[in-house]
>>> print(open('model00.cif').read())   # mmCIF, C-alpha atoms
data_input
#
loop_
_atom_site.label_atom_id
_atom_site.label_comp_id
_atom_site.auth_asym_id
_atom_site.auth_seq_id
_atom_site.Cartn_x
_atom_site.Cartn_y
_atom_site.Cartn_z
CA MET A 213 109.76 126.81 118.56
CA ALA A 214 109.94 124.97 115.26
CA SER A 215 113.65 124.22 115.59
CA GLN A 216 113.24 123.17 119.19
CA MET A 217 110.51 120.82 118.14
CA GLY A 218 112.80 119.52 115.42
CA CYS A 219 115.57 118.75 117.93
CA LYS A 220 113.24 117.00 120.24
CA GLN A 221 111.84 114.93 117.44
CA ALA A 222 115.25 113.99 116.12
CA ASP A 223 116.14 112.77 119.57
CA ALA A 224 112.93 110.82 119.91
CA THR A 225 113.55 109.42 116.45
CA ARG A 226 116.83 107.81 117.45
CA TRP A 227 115.18 106.29 120.48
CA GLY A 228 112.32 105.23 118.31
CA GLU A 229 114.64 103.43 115.93
CA ARG A 230 116.41 101.59 118.68
CA LEU A 231 113.15 100.58 120.26
CA ARG A 232 111.52 99.50 117.10
CA ASN A 233 114.45 97.20 116.47
CA ASN A 234 114.10 95.95 120.00
CA TRP A 235 110.40 95.39 119.42
CA ARG A 236 111.04 93.62 116.16
CA ASN A 237 113.52 91.37 117.90
CA ILE A 238 110.96 90.45 120.48
CA LEU A 239 108.38 89.59 117.88
CA MET A 240 110.70 88.04 115.32
CA THR A 241 110.01 84.38 115.32
CA THR A 242 112.51 81.67 114.65
CA SER A 243 110.24 78.68 114.60
CA GLU A 244 106.63 77.96 115.27
CA THR A 245 107.07 74.68 116.99
CA SER A 246 108.97 73.40 119.95
CA ASN A 247 108.91 70.16 121.81
CA ASP A 248 108.34 71.68 125.21
CA THR A 249 105.19 73.66 124.60
CA VAL A 250 103.81 76.01 127.23
CA ILE A 251 100.30 75.21 126.02
CA THR A 252 99.41 72.51 128.50
CA ASP A 253 96.14 70.60 128.53
CA GLU A 254 95.13 72.81 131.43
CA LEU A 255 95.64 75.93 129.29
CA LYS A 256 93.82 74.29 126.38
CA SER A 257 90.84 73.64 128.63
CA PHE A 258 90.21 77.41 128.62
CA ILE A 259 89.53 77.51 124.87
CA GLY A 260 85.81 78.02 124.34
CA LEU A 261 85.09 78.57 128.03
CA ASP A 262 82.77 81.54 128.70
CA SER A 263 83.84 83.95 131.39
CA ARG A 264 81.42 85.14 134.03
CA SER A 265 79.38 88.03 132.69
CA ALA A 266 79.64 91.60 133.89
CA THR A 267 76.84 94.10 133.31
CA TYR A 268 77.34 97.85 133.12
CA ASP A 269 74.97 100.81 133.12
CA ILE A 270 76.20 103.15 130.39
CA GLU A 271 76.36 106.35 132.30
CA ARG A 272 76.54 109.73 130.62
CA HIS A 273 79.50 111.04 132.57
CA ALA A 274 81.52 107.86 132.04
CA VAL A 275 81.05 108.25 128.28
CA GLU A 276 81.97 111.91 128.45
CA ARG A 277 85.04 111.15 130.55
CA PHE A 278 86.15 108.45 128.11
CA ALA A 279 85.69 110.77 125.11
CA CYS A 280 87.68 113.42 126.95
CA ALA A 281 90.46 110.94 127.81
CA ILE A 282 90.88 109.88 124.17
CA GLY A 283 90.64 113.53 123.06
CA ASP A 284 87.69 113.02 120.70
CA PRO A 285 85.58 116.20 120.49
CA ASN A 286 82.64 114.52 118.65
CA PRO A 287 79.44 116.08 120.08
CA LEU A 288 77.62 112.72 119.79
CA TYR A 289 79.45 111.68 122.96
CA SER A 290 78.84 114.72 125.14
CA ASP A 291 76.42 117.27 123.68
CA GLN A 292 72.89 116.13 124.40
CA ASN A 293 71.20 118.58 122.05
CA ALA A 294 73.48 117.87 119.12
CA ALA A 295 73.17 114.12 119.69
CA ARG A 296 69.37 114.34 119.94
CA SER A 297 69.07 116.07 116.57
CA SER A 298 71.45 113.58 114.92
CA SER A 299 70.46 110.34 113.19
CA TYR A 300 71.19 108.54 116.48
CA GLY A 301 68.58 110.55 118.36
CA GLY A 302 70.68 110.70 121.53
CA LEU A 303 74.09 110.37 123.11
CA ILE A 304 76.18 107.36 122.08
CA ALA A 305 79.54 105.96 123.19
CA PRO A 306 82.75 106.14 121.10
CA PRO A 307 83.71 102.99 119.14
CA THR A 308 86.42 101.91 121.58
CA PHE A 309 84.44 102.74 124.74
CA PHE A 310 84.14 98.96 125.12
CA ARG A 311 87.68 98.96 126.47
CA SER A 312 86.28 100.40 129.70
CA LEU A 313 83.72 97.60 130.08
CA LEU A 314 85.83 94.84 131.52
CA PRO A 315 84.53 91.30 131.19
CA GLY A 316 84.17 89.04 134.20
CA GLY A 317 86.77 86.48 135.19
CA TYR A 318 86.76 82.78 134.44
CA SER A 319 85.44 80.25 136.91
CA LYS A 320 89.03 79.03 137.37
CA SER A 321 92.16 81.12 137.23
CA PHE A 322 94.14 81.13 133.97
CA PRO A 323 97.58 79.64 134.68
CA GLU A 324 99.53 82.33 132.84
CA PRO A 325 103.00 80.93 132.15
CA PHE A 326 104.71 84.25 131.40
CA ALA A 327 105.46 87.51 133.16
CA HIS A 328 105.23 90.25 130.55
CA ILE A 329 102.33 91.30 128.41
CA LEU A 330 101.90 93.02 125.05
CA ASP A 331 98.65 94.04 123.43
CA GLY A 332 98.73 92.74 119.86
CA GLY A 333 95.61 94.45 118.60
CA SER A 334 91.84 94.38 118.39
CA LYS A 335 89.18 93.64 115.81
CA TYR A 336 85.83 95.26 116.46
CA ARG A 337 82.56 94.37 114.76
CA TYR A 338 79.72 96.80 115.35
CA HIS A 339 76.04 95.91 115.04
CA GLU A 340 74.15 98.49 117.09
CA PRO A 341 75.16 101.76 118.71
CA VAL A 342 75.77 101.87 122.46
CA ARG A 343 73.55 104.55 123.91
CA VAL A 344 73.77 106.41 127.17
CA GLY A 345 71.25 104.65 129.41
CA ASP A 346 71.91 101.20 127.94
CA GLN A 347 72.84 98.19 130.02
CA ILE A 348 75.65 96.25 128.42
CA THR A 349 76.58 92.71 129.40
CA VAL A 350 80.12 91.62 128.68
CA VAL A 351 81.33 88.04 128.28
CA ARG A 352 84.68 86.87 126.97
CA LYS A 353 85.97 83.59 125.72
CA ILE A 354 89.40 82.46 124.58
CA THR A 355 89.07 81.27 120.99
CA ASP A 356 92.69 80.40 120.25
CA LEU A 357 96.02 79.86 121.98
CA PHE A 358 99.24 79.48 120.04
CA GLU A 359 102.91 79.73 120.68
CA LYS A 360 105.81 81.29 118.82
CA HIS A 361 109.49 81.42 119.55
CA GLY A 362 111.63 84.51 119.19
CA ARG A 363 114.72 86.11 120.65
CA MET A 364 112.92 86.55 123.93
CA GLY A 365 112.13 82.85 124.02
CA ALA A 366 108.66 81.40 123.88
CA MET A 367 105.65 83.68 123.51
CA LEU A 368 102.05 82.80 124.11
CA PHE A 369 99.45 84.35 121.80
CA LYS A 370 95.95 84.41 123.20
CA VAL A 371 92.98 85.35 121.04
CA THR A 372 89.95 86.36 123.08
CA GLU A 373 86.54 87.20 121.73
CA ILE A 374 84.54 89.58 123.88
CA SER A 375 80.82 90.01 123.24
CA TYR A 376 78.74 93.02 124.25
CA THR A 377 74.97 92.56 124.52
CA ASN A 378 72.44 95.26 125.42
CA GLN A 379 69.32 95.17 127.60
CA HIS A 380 67.21 94.26 124.53
CA ASP A 381 69.31 91.12 124.07
CA GLN A 382 70.88 92.57 120.95
CA LEU A 383 74.52 91.76 120.31
CA VAL A 384 75.81 95.32 119.89
CA ALA A 385 79.45 94.51 119.17
CA THR A 386 82.28 92.04 119.49
CA GLN A 387 85.95 92.69 120.08
CA ALA A 388 88.58 90.07 119.26
CA THR A 389 91.82 90.85 121.06
CA THR A 390 95.25 89.31 120.69
CA THR A 391 97.45 89.40 123.77
CA ILE A 392 101.03 88.24 123.76
CA THR A 393 102.85 87.17 126.90
CA TYR A 394 106.52 86.31 127.22
CA GLY A 395 109.47 86.19 129.59
CA THR A 396 109.93 85.22 133.19
CA GLY A 397 110.49 87.11 136.42
CA GLU A 398 108.17 89.29 138.38
CA LYS A 399 104.78 89.40 136.68
CA ASP A 400 103.55 92.66 135.15
CA SER A 401 100.51 94.03 136.87
CA GLY A 402 97.39 92.74 135.18
CA VAL A 403 99.21 90.06 133.19
CA GLY A 404 96.80 87.32 134.21
CA ASP A 405 93.68 89.39 133.64
CA HIS A 406 93.77 89.90 129.88
CA MET B 1276 73.35 96.00 109.54
CA ALA B 1277 72.79 99.35 111.22
CA THR B 1278 70.16 101.38 109.44
CA ILE B 1279 70.03 105.12 109.46
CA ASN B 1280 67.04 107.20 110.40
CA SER B 1281 67.55 109.48 107.45
CA GLY B 1282 64.71 111.93 107.97
CA ILE B 1283 66.39 113.92 110.68
CA GLU B 1284 69.73 115.03 109.40
CA THR B 1285 71.47 115.83 106.12
CA PRO B 1286 74.55 113.66 105.57
CA THR B 1287 77.91 115.39 105.35
CA LEU B 1288 79.36 112.48 103.35
CA TRP B 1289 77.53 110.56 100.65
CA PHE B 1290 78.51 107.17 99.32
CA GLU B 1291 78.39 108.53 95.75
CA ASP B 1292 81.00 111.16 96.60
CA VAL B 1293 83.61 108.63 97.70
CA ALA B 1294 86.08 107.00 95.31
CA ILE B 1295 88.83 104.41 95.66
CA GLY B 1296 92.09 106.18 96.46
CA ASP B 1297 90.44 109.06 98.33
CA GLU B 1298 92.40 110.04 101.41
CA LEU B 1299 90.78 110.84 104.73
CA PRO B 1300 91.60 114.15 106.41
CA GLU B 1301 94.49 113.39 108.77
CA VAL B 1302 93.95 113.51 112.51
CA GLU B 1303 97.00 114.59 114.46
CA LYS B 1304 97.58 113.77 118.12
CA THR B 1305 100.34 114.81 120.48
CA PRO B 1306 99.52 113.01 123.70
CA ASP B 1307 101.31 113.88 126.91
CA THR B 1308 101.72 111.65 129.95
CA ARG B 1309 98.69 113.35 131.49
CA GLN B 1310 96.53 112.00 128.70
CA LEU B 1311 97.89 108.51 129.27
CA VAL B 1312 96.91 108.75 132.92
CA MET B 1313 93.45 110.00 131.92
CA TYR B 1314 93.13 107.09 129.52
CA ALA B 1315 94.29 104.59 132.13
CA GLY B 1316 91.57 105.83 134.46
CA ALA B 1317 88.84 106.03 131.82
CA SER B 1318 89.57 102.57 130.41
CA GLN B 1319 90.57 100.88 133.67
CA ASP B 1320 93.82 99.79 132.06
CA PHE B 1321 96.39 100.04 134.83
CA VAL B 1322 99.27 98.19 133.20
CA ALA B 1323 102.14 100.13 134.78
CA ILE B 1324 104.26 100.53 131.65
CA HIS B 1325 101.85 103.31 130.62
CA TYR B 1326 102.36 105.51 133.68
CA ASP B 1327 105.35 104.33 135.72
CA HIS B 1328 108.66 105.51 134.30
CA LYS B 1329 110.62 102.95 136.32
CA VAL B 1330 108.63 100.05 134.92
CA ALA B 1331 109.04 101.44 131.39
CA ALA B 1332 112.81 101.83 131.94
CA GLU B 1333 113.13 98.26 133.19
CA ALA B 1334 111.47 97.11 129.97
CA GLY B 1335 114.10 99.08 128.02
CA HIS B 1336 112.00 102.10 127.07
CA PRO B 1337 113.17 105.73 127.37
CA LYS B 1338 109.77 106.72 128.74
CA VAL B 1339 106.31 105.36 129.34
CA ILE B 1340 104.57 104.03 126.24
CA ILE B 1341 101.17 104.80 124.73
CA HIS B 1342 98.35 102.29 125.29
CA GLY B 1343 97.64 100.41 122.08
CA ALA B 1344 93.95 100.86 122.74
CA LEU B 1345 94.36 104.65 122.88
CA LYS B 1346 95.82 104.47 119.38
CA SER B 1347 92.75 102.45 118.35
CA ALA B 1348 90.56 105.18 119.77
CA TRP B 1349 92.33 107.78 117.61
CA LEU B 1350 91.90 105.62 114.53
CA GLY B 1351 88.23 105.31 115.46
CA GLU B 1352 88.04 109.11 115.57
CA LEU B 1353 89.79 109.33 112.19
CA VAL B 1354 87.04 107.23 110.63
CA THR B 1355 83.99 108.49 112.55
CA SER B 1356 84.88 112.16 112.05
CA TRP B 1357 85.15 111.48 108.31
CA ILE B 1358 81.86 109.62 107.92
CA GLY B 1359 79.92 112.05 110.13
CA SER B 1360 76.90 111.13 112.20
CA THR B 1361 74.97 109.62 109.27
CA GLY B 1362 77.70 107.13 108.43
CA ARG B 1363 78.15 103.97 110.46
CA LEU B 1364 81.36 102.30 111.53
CA LEU B 1365 80.87 98.55 111.04
CA GLU B 1366 84.34 97.09 111.46
CA LEU B 1367 87.58 98.37 112.96
CA ASP B 1368 90.76 96.28 113.00
CA VAL B 1369 93.93 97.60 114.56
CA SER B 1370 97.28 95.89 114.97
CA TYR B 1371 100.04 97.21 117.26
CA ARG B 1372 103.27 96.59 115.40
CA ALA B 1373 105.52 99.12 117.13
CA ILE B 1374 105.56 101.28 120.21
CA ASP B 1375 104.64 104.95 120.26
CA PHE B 1376 105.63 107.49 122.87
CA PRO B 1377 103.99 110.50 124.46
CA ASP B 1378 105.12 113.93 123.16
CA ASP B 1379 105.69 112.50 119.66
CA ILE B 1380 103.29 113.61 116.96
CA ALA B 1381 101.06 110.69 116.00
CA THR B 1382 99.23 111.18 112.71
CA CYS B 1383 96.21 109.08 111.85
CA VAL B 1384 95.90 108.47 108.12
CA GLY B 1385 93.50 106.57 105.95
CA LYS B 1386 92.44 105.94 102.39
CA VAL B 1387 89.60 104.30 100.54
CA THR B 1388 90.46 100.87 99.16
CA ASP B 1389 87.06 99.66 97.98
CA THR B 1390 83.49 100.84 97.51
CA ARG B 1391 80.45 98.65 96.89
CA THR B 1392 76.73 98.51 97.53
CA GLU B 1393 74.94 95.64 99.25
CA ASP B 1394 71.14 95.69 99.52
CA GLY B 1395 71.12 99.40 98.75
CA VAL B 1396 73.67 100.18 101.48
CA GLY B 1397 76.87 101.92 100.45
CA LEU B 1398 79.90 100.18 101.91
CA VAL B 1399 83.39 101.66 101.97
CA GLU B 1400 86.53 99.75 102.87
CA LEU B 1401 89.39 101.77 104.35
CA GLU B 1402 93.05 101.21 105.01
CA ILE B 1403 94.03 103.16 108.10
CA GLY B 1404 97.10 103.61 110.23
CA LEU B 1405 98.99 105.63 112.78
CA ARG B 1406 102.15 107.28 111.44
CA ASN B 1407 105.01 108.20 113.75
CA PRO B 1408 107.49 111.10 113.34
CA ASP B 1409 109.82 108.77 111.35
CA ASP B 1410 107.08 108.32 108.76
CA LEU B 1411 106.52 104.72 109.78
CA ILE B 1412 103.09 103.21 110.23
CA THR B 1413 103.40 101.76 113.73
CA THR B 1414 99.76 100.79 113.94
CA PRO B 1415 98.16 99.59 110.72
CA GLY B 1416 94.52 98.76 110.44
CA ARG B 1417 91.41 98.65 108.34
CA ALA B 1418 87.82 99.71 108.69
CA LEU B 1419 84.50 99.09 107.00
CA VAL B 1420 81.86 101.82 107.06
CA SER B 1421 78.42 102.33 105.58
CA LEU B 1422 77.40 105.63 104.07
CA PRO B 1423 74.00 106.92 103.00
CA THR B 1424 73.32 106.69 99.27
CA LYS B 1425 71.59 109.54 97.48
CA THR B 1426 69.12 107.15 95.88
CA ALA B 1427 68.03 105.67 99.20
CA PHE B 1428 67.80 109.13 100.73
CA SER B 1429 65.61 110.83 98.13
#
>>> encode(input="model00.cif", output="structure tokens")
Amino acid sequence: MASQMGCKQADATRWGERLRNNWRNILMTTSETSNDTVITDELKSFIGLDSRSATYDIERHAVERFACAIGDPNPLYSDQNAARSSSYGGLIAPPTFFRSLLPGGYSKSFPEPFAHILDGGSKYRYHEPVRVGDQITVVRKITDLFEKHGRMGAMLFKVTEISYTNQHDQLVATQATTTITYGTGEKDSGVGDH
Amino acid sequence: MATINSGIETPTLWFEDVAIGDELPEVEKTPDTRQLVMYAGASQDFVAIHYDHKVAAEAGHPKVIIHGALKSAWLGELVTSWIGSTGRLLELDVSYRAIDFPDDIATCVGKVTDTRTEDGVGLVELEIGLRNPDDLITTPGRALVSLPTKTAFS
């Protein structure tokens, strides 16, 4: 078993190396500026624009399903008795459960110039726990758009701040995401939605 | 800042017991494609590169790739399982620098980089990351947590 695992890993390692180089090449930037920018005035008009809001009931089974999907056995997410006797006093959602609470769209459609999408990362700030039974309202807003140039050509970086507010009007958390789009051709599914 | 109803539960981790340089217990994950599908459903992230081999191949990958946000979730677990239910996660930053694949062992690691108190609350700064089988941190990050202090508790 151990040696088999070793073989498999060695194989995956070679692939990993190749891909990481590939990835680095995509992200490696040659210059930050270009005369023909993809960031048009129309794109710029999205900066600071609030999306429509979407409100979600935080349902026990959705939280449990999310915890199960990420493989987190913490009883605070699924065991009512354990959660009740904890300092939270009841079931809460995992820190990245917010990923399942999609914000609403913008009043106009974002003219995404590229076809492919990469998730660059997220920064979460937590203020209050999200409890089962809460109602969470989600709004997003693009806070920055910038462009870089790499081997794959121009890339658009979009920083979006998503706010999550509960039924008591408390801001429970924010998530700042960076999405990177690049390349032409047939658009990836969901490329315009992030 | 989140306050803790301290009367109900004895903390498993105290601020006073944490020192700069301390390492968090590692959390190891070996996701399979089934878990990626579960995550896609649970998070409503249906970007096809995470479940459709053909789409992944067209993008030059040997197989489907792990959702960045699933890696964030594991790093969240790394931190929250360490602080226990009397600690509070205040900040979590995660950056996806390289791709990870299902069936590889992904190890979540972390260490304490700073400790301080503000208004009687114990704050701990952490450097965290996801390590791949080549020993590379594909997904670096940081977190800020608060922990109960013995003085505030007594």
>>> resolve_selection(input="model00.cif", expression="the PyMOL selection byres ((chain B) within 8 of (chain A))", output="ChimeraX atom specification")
/B:1276-1277,1279-1284,1310-1311,1313-1314,1317-1323,1335-1337,1343-1345,1347-1349,1351-1352,1356,1360-1361,1364-1375,1379,1408-1409
>>> closest_residue(input="model00.cif", among="A:Met367, A:Ser375, A:Glu271, A:Asp248", to="Phe326 of chain A", atoms="all atoms listed in the file")
A:Met367
>>> closest_residue(input="model00.cif", among="B:Gly1397, B:Pro1415, B:Gly1359, B:Pro1377", to="Leu1288 of chain B", atoms="only C-alpha atoms")
B:Gly1359
>>> residues_near_point(input="model00.cif", point="(107.5, 109.0, 127.8)", cutoff="9 Å", atoms="all atoms listed in the file", output="number ranges by chain")
B: 1307-1308, 1325-1326, 1328, 1331, 1336-1341, 1376-1378
>>> residues_around(input="model00.cif", residues="Pro1300 of chain B", least_positions_apart="6", cutoff="12 Å", atoms="all atoms listed in the file", output="list of chain:residue names")
B:Leu1350, B:Glu1352, B:Leu1353, B:Val1354, B:Thr1355, B:Ser1356, B:Trp1357, B:Ile1358, B:Thr1382, B:Cys1383, B:Val1384, B:Gly1385, B:Lys1386, B:Val1387, B:Ile1403
>>> write_last_selection(input="model00.cif", atoms="C-alpha atoms", output="compact mmCIF listing (two decimals), in the frame of the given file")
# COMPACT_ATOMS: atom_id res chain seq x y z
CA LEU B 1350 91.90 105.62 114.53
CA GLU B 1352 88.04 109.11 115.57
CA LEU B 1353 89.79 109.33 112.19
CA VAL B 1354 87.04 107.23 110.63
CA THR B 1355 83.99 108.49 112.55
CA SER B 1356 84.88 112.16 112.05
CA TRP B 1357 85.15 111.48 108.31
CA ILE B 1358 81.86 109.62 107.92
CA THR B 1382 99.23 111.18 112.71
CA CYS B 1383 96.21 109.08 111.85
CA VAL B 1384 95.90 108.47 108.12
CA GLY B 1385 93.50 106.57 105.95
CA LYS B 1386 92.44 105.94 102.39
CA VAL B 1387 89.60 104.30 100.54
CA ILE B 1403 94.03 103.16 108.10
>>> resolve_selection(input="model00.cif", expression="the PyMOL selection byres ((chain A and resi 259-261) around 10)", output="ChimeraX atom specification")
/A:254-258,262-264,318-319,352-357,370-373
>>> resolve_selection(input="model00.cif", expression="the PyMOL selection byres ((chain B and resi 1426) around 12)", output="PyMOL selection string")
chain B and resi 1281+1289-1291+1392+1395-1397+1422-1425+1427-1429
>>> atom_distance(input="model00.cif", atom1="atom CA of Ala1315 of chain B", atom2="atom CA of His1342 of chain B")
8.3 Å
>>> atom_distance(input="model00.cif", atom1="atom CA of Glu1301 of chain B", atom2="atom CA of Arg272 of chain A")
28.5 Å
>>> atom_distance(input="model00.cif", atom1="atom CA of Gly1404 of chain B", atom2="atom CA of Pro315 of chain A")
27.4 Å
>>> residues_around(input="model00.cif", residues="Gly365 of chain A", least_positions_apart="3", cutoff="9 Å", atoms="all atoms listed in the file", output="PyMOL selection string")
chain A and resi 238+360-362+394-395
>>> residues_around(input="model00.cif", residues="Ala305 of chain A", least_positions_apart="5", cutoff="7 Å", atoms="all atoms listed in the file", output="ChimeraX atom specification")
/A:275,289,342-343
